[in-house]
file work-v4.cif (mmCIF, C-alpha atoms and all ligand atoms)
data_structure
#
loop_
_atom_site.label_atom_id
_atom_site.label_comp_id
_atom_site.auth_asym_id
_atom_site.auth_seq_id
_atom_site.Cartn_x
_atom_site.Cartn_y
_atom_site.Cartn_z
CA MET B 11 9.17 -32.89 114.38
CA THR B 12 11.84 -34.81 112.53
CA GLY B 13 12.19 -32.98 109.26
CA THR B 14 11.86 -36.26 107.37
CA ASN B 15 8.90 -37.88 105.73
CA LYS B 16 10.03 -41.45 105.90
CA SER B 17 9.11 -42.53 109.41
CA ALA B 18 7.66 -46.02 109.80
CA ASP B 19 4.15 -44.70 110.59
CA SER B 20 4.24 -41.96 107.99
CA GLY B 21 0.92 -42.94 106.40
CA THR B 22 -0.56 -39.47 106.87
CA GLU B 23 2.61 -37.49 106.30
CA PRO B 24 2.77 -35.62 103.01
CA ILE B 25 5.24 -36.62 100.32
CA VAL B 26 7.91 -33.92 100.29
CA VAL B 27 9.39 -32.81 96.98
CA ALA B 28 12.39 -30.60 97.78
CA VAL B 29 13.50 -28.22 95.02
CA ASP B 30 16.54 -25.98 95.41
CA GLY B 31 18.14 -23.60 92.96
CA PRO B 32 19.55 -20.13 92.36
CA ALA B 33 17.56 -17.00 91.48
CA GLY B 34 16.10 -17.11 87.98
CA SER B 35 16.39 -20.90 87.68
CA GLY B 36 12.62 -21.02 87.22
CA LYS B 37 12.12 -23.06 90.37
CA SER B 38 9.17 -21.00 91.67
CA SER B 39 7.07 -21.06 88.51
CA VAL B 40 7.97 -24.69 87.78
CA SER B 41 7.22 -25.77 91.37
CA ARG B 42 3.87 -23.99 91.34
CA LYS B 43 2.86 -25.59 88.05
CA ILE B 44 3.82 -29.04 89.26
CA ALA B 45 1.95 -28.58 92.55
CA GLN B 46 -1.15 -27.66 90.53
CA GLN B 47 -0.77 -30.68 88.28
CA LEU B 48 -0.23 -33.15 91.12
CA GLY B 49 -2.75 -31.63 93.55
CA TYR B 50 0.08 -30.90 96.00
CA GLY B 51 0.71 -27.89 98.20
CA TYR B 52 3.41 -25.36 97.35
CA LEU B 53 5.72 -23.79 99.92
CA ASP B 54 8.01 -20.97 98.80
CA THR B 55 10.54 -20.72 101.64
CA GLY B 56 12.20 -17.65 100.12
CA ALA B 57 8.92 -15.80 100.73
CA ALA B 58 9.42 -16.21 104.50
CA TYR B 59 12.92 -14.71 104.34
CA ARG B 60 11.54 -11.90 102.20
CA ALA B 61 8.70 -11.35 104.67
CA LEU B 62 11.17 -10.95 107.52
CA ALA B 63 13.31 -8.55 105.46
CA TRP B 64 10.16 -6.58 104.69
CA LEU B 65 9.19 -6.36 108.38
CA VAL B 66 12.75 -5.31 109.28
CA GLY B 67 12.36 -2.42 106.82
CA GLU B 68 8.87 -1.52 108.08
CA ARG B 69 10.13 -1.34 111.67
CA GLY B 70 13.21 0.69 110.72
CA ILE B 71 15.56 -1.97 112.09
CA ASN B 72 19.15 -2.19 110.86
CA LYS B 73 19.26 -5.38 108.75
CA ASP B 74 22.91 -5.94 109.71
CA ASP B 75 22.14 -5.90 113.46
CA SER B 76 21.62 -9.63 113.93
CA ASP B 77 20.52 -9.30 117.58
CA ALA B 78 17.81 -6.82 116.61
CA VAL B 79 16.69 -9.03 113.70
CA CYS B 80 16.60 -12.10 115.98
CA ALA B 81 14.56 -10.16 118.55
CA LEU B 82 12.10 -9.29 115.79
CA VAL B 83 11.73 -12.97 114.89
CA GLU B 84 10.05 -13.45 118.30
CA ASP B 85 7.34 -11.03 117.15
CA PHE B 86 7.12 -12.40 113.59
CA HIS B 87 3.86 -14.19 112.92
CA TYR B 88 3.96 -15.72 109.47
CA ALA B 89 1.08 -17.29 107.60
CA SER B 90 1.28 -18.52 104.03
CA THR B 91 -1.27 -20.45 102.01
CA LEU B 92 0.03 -23.59 100.36
CA ASP B 93 -2.32 -23.07 97.44
CA PRO B 94 -0.22 -22.97 94.25
CA GLU B 95 -2.95 -21.01 92.44
CA THR B 96 -2.86 -18.06 94.83
CA PRO B 97 0.15 -18.17 97.14
CA SER B 98 -0.22 -15.44 99.74
CA VAL B 99 1.84 -14.14 102.64
CA VAL B 100 0.44 -12.55 105.78
CA VAL B 101 2.81 -11.07 108.37
CA ASN B 102 1.49 -10.04 111.77
CA GLY B 103 -1.98 -9.76 110.23
CA THR B 104 -0.90 -7.64 107.23
CA ASP B 105 -1.05 -9.01 103.68
CA ALA B 106 2.52 -8.63 102.40
CA THR B 107 2.18 -10.80 99.26
CA MET B 108 3.07 -7.97 96.89
CA ALA B 109 5.33 -5.97 99.22
CA ILE B 110 7.84 -8.81 99.65
CA ARG B 111 8.63 -8.68 95.91
CA ARG B 112 9.76 -5.03 95.99
CA PRO B 113 13.35 -4.37 94.84
CA GLU B 114 14.41 -3.01 98.26
CA VAL B 115 13.31 -6.30 99.86
CA SER B 116 15.29 -8.26 97.25
CA SER B 117 18.34 -6.16 98.12
CA ASP B 118 17.96 -6.61 101.90
CA VAL B 119 16.91 -10.25 102.10
CA SER B 120 20.38 -11.85 101.95
CA ALA B 121 21.40 -9.95 105.10
CA VAL B 122 18.62 -11.46 107.21
CA ALA B 123 18.86 -14.90 105.55
CA ARG B 124 22.49 -15.32 106.58
CA ILE B 125 21.70 -15.17 110.33
CA ALA B 126 22.00 -18.75 111.68
CA ARG B 127 19.35 -18.28 114.41
CA VAL B 128 16.87 -16.98 111.85
CA ARG B 129 17.53 -20.02 109.65
CA GLU B 130 17.04 -22.47 112.52
CA HIS B 131 13.78 -20.79 113.50
CA PHE B 132 12.52 -20.79 109.92
CA ASN B 133 13.54 -24.39 109.24
CA SER B 134 11.45 -25.58 112.20
CA MET B 135 8.57 -23.42 111.00
CA PHE B 136 8.75 -24.91 107.48
CA ARG B 137 8.68 -28.46 108.87
CA VAL B 138 5.60 -27.65 110.95
CA ILE B 139 3.82 -26.01 107.98
CA VAL B 140 4.42 -29.13 105.85
CA ALA B 141 3.50 -31.61 108.59
CA ASP B 142 0.26 -29.73 109.33
CA SER B 143 -0.62 -29.18 105.66
CA GLY B 144 -3.11 -32.02 105.40
CA MET B 145 -2.08 -32.37 101.74
CA PRO B 146 -0.96 -35.58 99.99
CA GLY B 147 2.29 -33.87 99.05
CA VAL B 148 4.05 -30.53 99.24
CA ILE B 149 6.60 -29.04 96.83
CA VAL B 150 9.01 -27.11 99.01
CA GLU B 151 11.35 -24.77 97.18
CA GLY B 152 14.32 -22.76 98.35
CA ARG B 153 18.09 -22.93 98.67
CA ASP B 154 18.77 -25.52 101.39
CA ILE B 155 15.66 -27.68 101.29
CA THR B 156 17.38 -30.74 99.81
CA THR B 157 20.29 -30.51 102.24
CA VAL B 158 19.10 -29.00 105.55
CA VAL B 159 15.34 -28.62 105.82
CA PHE B 160 14.24 -31.94 104.31
CA PRO B 161 17.41 -33.98 103.67
CA ASP B 162 15.30 -37.17 103.75
CA ALA B 163 12.58 -35.93 101.37
CA SER B 164 11.17 -38.51 98.95
CA VAL B 165 12.34 -36.40 96.01
CA ARG B 166 15.28 -33.97 96.01
CA ILE B 167 16.04 -31.85 92.99
CA LEU B 168 18.50 -29.07 92.22
CA LEU B 169 17.14 -26.96 89.37
CA THR B 170 19.73 -24.80 87.75
CA ALA B 171 20.47 -22.92 84.54
CA ASP B 172 23.31 -21.01 82.98
CA GLU B 173 23.94 -17.57 84.58
CA THR B 174 23.12 -15.60 81.41
CA VAL B 175 19.89 -17.51 80.82
CA ARG B 176 18.78 -16.94 84.43
CA ALA B 177 19.37 -13.20 84.12
CA LEU B 178 17.37 -13.10 80.87
CA ARG B 179 14.48 -14.99 82.46
CA ARG B 180 14.41 -12.74 85.52
CA ASN B 181 14.47 -9.72 83.22
CA ALA B 182 11.50 -11.03 81.20
CA GLU B 183 9.62 -11.67 84.47
CA LEU B 184 10.20 -8.10 85.68
CA ALA B 185 9.30 -6.65 82.28
CA GLU B 186 5.97 -8.46 82.50
CA GLN B 187 5.31 -7.23 86.05
CA SER B 188 6.24 -3.59 85.46
CA PRO B 189 7.17 -2.74 81.86
CA GLY B 190 9.93 -0.15 81.37
CA SER B 191 10.81 0.19 85.06
CA HIS B 192 14.16 -1.61 85.04
CA SER B 193 17.30 -2.19 82.99
CA ALA B 194 18.44 -5.62 81.83
CA LYS B 195 22.02 -4.85 82.87
CA LYS B 196 20.97 -3.84 86.40
CA THR B 197 18.76 -6.91 86.73
CA ALA B 198 21.67 -9.17 85.79
CA GLU B 199 24.01 -7.39 88.24
CA GLN B 200 21.48 -7.68 91.09
CA LEU B 201 20.83 -11.35 90.39
CA HIS B 202 24.53 -12.21 90.37
CA ALA B 203 25.20 -10.13 93.50
CA ARG B 204 22.40 -11.93 95.37
CA ASP B 205 23.65 -15.34 94.22
CA ARG B 206 27.14 -14.47 95.46
CA ALA B 207 25.81 -13.31 98.85
CA ASP B 208 23.44 -16.26 99.27
CA SER B 209 25.96 -18.89 98.18
CA ARG B 210 28.23 -17.86 101.06
CA VAL B 211 25.48 -19.22 103.37
CA VAL B 212 24.35 -22.37 101.55
CA ASP B 213 25.71 -24.17 98.52
CA PHE B 214 22.85 -24.27 96.03
CA MET B 215 25.02 -24.41 92.93
CA ASN B 216 26.19 -28.01 93.35
CA ALA B 217 23.93 -31.01 93.90
CA ALA B 218 24.56 -32.82 97.19
CA GLU B 219 24.77 -36.61 97.19
CA GLY B 220 21.47 -38.17 96.15
CA VAL B 221 20.08 -34.90 94.79
CA VAL B 222 19.03 -35.00 91.11
CA LEU B 223 20.43 -32.13 89.05
CA ILE B 224 18.19 -30.71 86.33
CA ASP B 225 19.83 -28.11 84.11
CA SER B 226 17.11 -26.09 82.37
CA THR B 227 19.46 -23.93 80.27
CA THR B 228 18.22 -25.41 76.99
CA LEU B 229 14.72 -26.34 78.18
CA ASN B 230 11.60 -24.20 77.88
CA PHE B 231 9.08 -23.95 80.72
CA ASP B 232 6.95 -26.97 79.72
CA GLU B 233 10.02 -29.12 79.09
CA THR B 234 11.38 -28.21 82.53
CA VAL B 235 8.04 -29.09 84.16
CA ASP B 236 8.07 -32.45 82.34
CA ALA B 237 11.67 -33.14 83.39
CA VAL B 238 10.86 -32.46 87.05
CA ILE B 239 7.67 -34.52 86.96
CA ALA B 240 9.58 -37.45 85.43
CA VAL B 241 12.02 -37.35 88.36
CA ILE B 242 9.17 -37.15 90.88
CA ARG B 243 7.46 -40.20 89.34
CA GLU B 244 10.70 -42.17 89.18
CA GLN B 245 11.74 -41.37 92.75
CA THR B 246 8.33 -41.95 94.34
CA VAL B 247 7.92 -45.29 92.52
CA LYS B 248 11.42 -46.27 93.69
CA GLU B 249 10.50 -45.35 97.27
CA LYS B 250 7.31 -47.44 97.21
CA ALA B 251 9.14 -50.48 95.74
O1 LIG Z 1 13.82 -17.58 96.18
P1 LIG Z 1 13.87 -16.09 96.53
O2 LIG Z 1 14.72 -15.31 95.61
O3 LIG Z 1 12.51 -15.49 96.70
O4 LIG Z 1 14.55 -16.07 97.97
C1 LIG Z 1 14.73 -14.87 98.70
C2 LIG Z 1 16.00 -14.93 99.50
O5 LIG Z 1 15.89 -15.85 100.59
C3 LIG Z 1 17.24 -15.34 98.70
O6 LIG Z 1 18.07 -14.21 98.57
C4 LIG Z 1 17.91 -16.42 99.49
C5 LIG Z 1 17.07 -16.63 100.70
N1 LIG Z 1 16.67 -18.01 100.91
C6 LIG Z 1 17.47 -18.79 101.71
O7 LIG Z 1 18.50 -18.33 102.17
N2 LIG Z 1 17.07 -20.06 102.00
C7 LIG Z 1 15.94 -20.58 101.48
N3 LIG Z 1 15.58 -21.84 101.80
C8 LIG Z 1 15.14 -19.78 100.64
C9 LIG Z 1 15.55 -18.50 100.34
#
call {"tool": "encode", "arguments": {"input": "work-v4.cif", "output": "structure tokens"}}
result
Amino acid sequence: MTGTNKSADSGTEPIVVAVDGPAGSGKSSVSRKIAQQLGYGYLDTGAAYRALAWLVGERGINKDDSDAVCALVEDFHYASTLDPETPSVVVNGTDATMAIRRPEVSSDVSAVARIARVREHFNSMFRVIVADSGMPGVIVEGRDITTVVFPDASVRILLTADETVRALRRNAELAEQSPGSHSAKKTAEQLHARDRADSRVVDFMNAAEGVVLIDSTTLNFDETVDAVIAVIREQTVKEKA
């Protein structure tokens, strides 16, 4: 496994579109939509970190005990569909698709995601999932996909947006999921706290060399989708030329 999709005999390897960005940048919904439009698979790498944080909680393990978390990784069997219509997460045979979105998982996930051994294990797992996907292309979204997981991907995009706009979007998302169960102020505080914690591990606020920055602050959902698709078309044509 090389982690690239540019090897000389890569005829059957999927095109990788790597999309990074902070919480609330819209990268998940935009990536899903684009995968649907292009007939590609969709891999949400944050879901794997969430799934591990969820299992840590289920087993009563201290999330800050990195040895205990690493030991758990040995007994962590993760399966995720690449179907953008119905992404699902199964952990050790249990469907955790909904559970990994709970607020307590969102609060705990940064602690497990900062463990280097966990990241190495997950990065290899993501490369295998993509290589074995059997799809023409896969949109892989996360925080370090453009820089660490698939630094040689055909398309590398950093999707960002102004901090206030991201908090508003996340708030609207939560309001839709469970009306009246949260406060806008608390949502904004949690989002910024998670960004601060996560950005100590990987830099997803600044585009690395060769990564295309798309700022969606003033774009609506459809405009953001169009902007990302335009970059995908441009970069894949360039690669073929
Ligand atoms: O995208 P998300 O909010 O569902 O991600 C959950 C957490 O996982 C987030 O706090 C950061 C972490 N993460 C990461 O460290 N590296 C990735 N490639 C994806 C997510």
call {"tool": "axis_aligned_box", "arguments": {"input": "work-v4.cif", "around": "ligand LIG 1 (chain Z)", "padding_each_side": "8 Å", "output": "AutoDock Vina command-line options"}}
result
--center_x 15.5 --center_y -18.0 --center_z 98.9 --size_x 22.0 --size_y 23.6 --size_z 22.6
call {"tool": "residues_around", "arguments": {"input": "work-v4.cif", "residues": "Gly34 of chain B", "least_positions_apart": "5", "cutoff": "12 Å", "atoms": "all atoms listed in the file", "output": "count of residues only"}}
result
28
call {"tool": "residues_near_ligand", "arguments": {"input": "work-v4.cif", "ligand": "ligand LIG 1 (chain Z)", "cutoff": "8 Å", "atoms": "only C-alpha atoms and all ligand atoms", "output": "NGL selection string"}}
result
:B and (30 or 32-34 or 38 or 54-60 or 111 or 116 or 119-120 or 123-124 or 129 or 151-155 or 159 or 204-205 or 207-208 or 211-212)
call {"tool": "residues_around", "arguments": {"input": "work-v4.cif", "residues": "Val158 of chain B", "least_positions_apart": "4", "cutoff": "12 Å", "atoms": "all atoms listed in the file", "output": "number ranges by chain"}}
result
B: 12-14, 28-30, 129-130, 132-134, 136-137, 152-154, 162-163, 166, 211-214, 218
call {"tool": "closest_atom_pairs", "arguments": {"input": "work-v4.cif", "of": "segment 29-70 of chain B", "to": "segment 74-97 of chain B", "cutoff": "8 Å", "atoms": "all atoms listed in the file", "output": "Markdown table"}}
result
| residue | atom | partner | partner_atom | distance |
| --- | --- | --- | --- | --- |
| B:Arg42 | CA | B:Pro94 | CA | 5.1 |
| B:Lys43 | CA | B:Pro94 | CA | 7.4 |
| B:Ala45 | CA | B:Pro94 | CA | 6.3 |
| B:Gln46 | CA | B:Pro94 | CA | 6.1 |
| B:Gly51 | CA | B:Leu92 | CA | 4.9 |
| B:Tyr52 | CA | B:Leu92 | CA | 4.9 |
| B:Leu53 | CA | B:Leu92 | CA | 5.7 |
| B:Ala58 | CA | B:Tyr88 | CA | 7.4 |
| B:Leu62 | CA | B:Phe86 | CA | 7.4 |
| B:Val66 | CA | B:Val79 | CA | 7.0 |
call {"tool": "closest_residue", "arguments": {"input": "work-v4.cif", "among": "B:Val122, B:Ala240, B:Ala61, B:Ile149", "to": "Ser98 of chain B", "atoms": "all atoms listed in the file"}}
result
B:Ala61
call {"tool": "closest_residue", "arguments": {"input": "work-v4.cif", "among": "B:Val150, B:Ile242, B:Ala185, B:Leu168", "to": "Ser35 of chain B", "atoms": "all atoms listed in the file"}}
result
B:Leu168
call {"tool": "closest_residue", "arguments": {"input": "work-v4.cif", "among": "B:Met145, B:Val247, B:Ala194, B:Val26", "to": "Tyr50 of chain B", "atoms": "all atoms listed in the file"}}
result
B:Met145
call {"tool": "atom_distance", "arguments": {"input": "work-v4.cif", "atom1": "atom CA of Asp105 of chain B", "atom2": "atom CA of Pro189 of chain B"}}
result
24.1 Å
call {"tool": "atom_distance", "arguments": {"input": "work-v4.cif", "atom1": "atom CA of Glu233 of chain B", "atom2": "atom CA of Pro146 of chain B"}}
result
24.5 Å
call {"tool": "atom_distance", "arguments": {"input": "work-v4.cif", "atom1": "atom CA of Arg210 of chain B", "atom2": "atom CA of Phe231 of chain B"}}
result
28.6 Å
call {"tool": "residues_around", "arguments": {"input": "work-v4.cif", "residues": "Ser164 of chain B", "least_positions_apart": "3", "cutoff": "7 Å", "atoms": "only C-alpha atoms", "output": "list in words"}}
result
Ile25, Val26, Val27, Gln245 and Thr246 of chain B
call {"tool": "residues_around", "arguments": {"input": "work-v4.cif", "residues": "Asp232 of chain B", "least_positions_apart": "2", "cutoff": "12 Å", "atoms": "only C-alpha atoms", "output": "list of chain:residue names"}}
result
B:Gly36, B:Ser39, B:Val40, B:Ser41, B:Lys43, B:Ile44, B:Ser226, B:Thr228, B:Leu229, B:Asn230, B:Thr234, B:Val235, B:Asp236, B:Ala237, B:Val238, B:Ile239
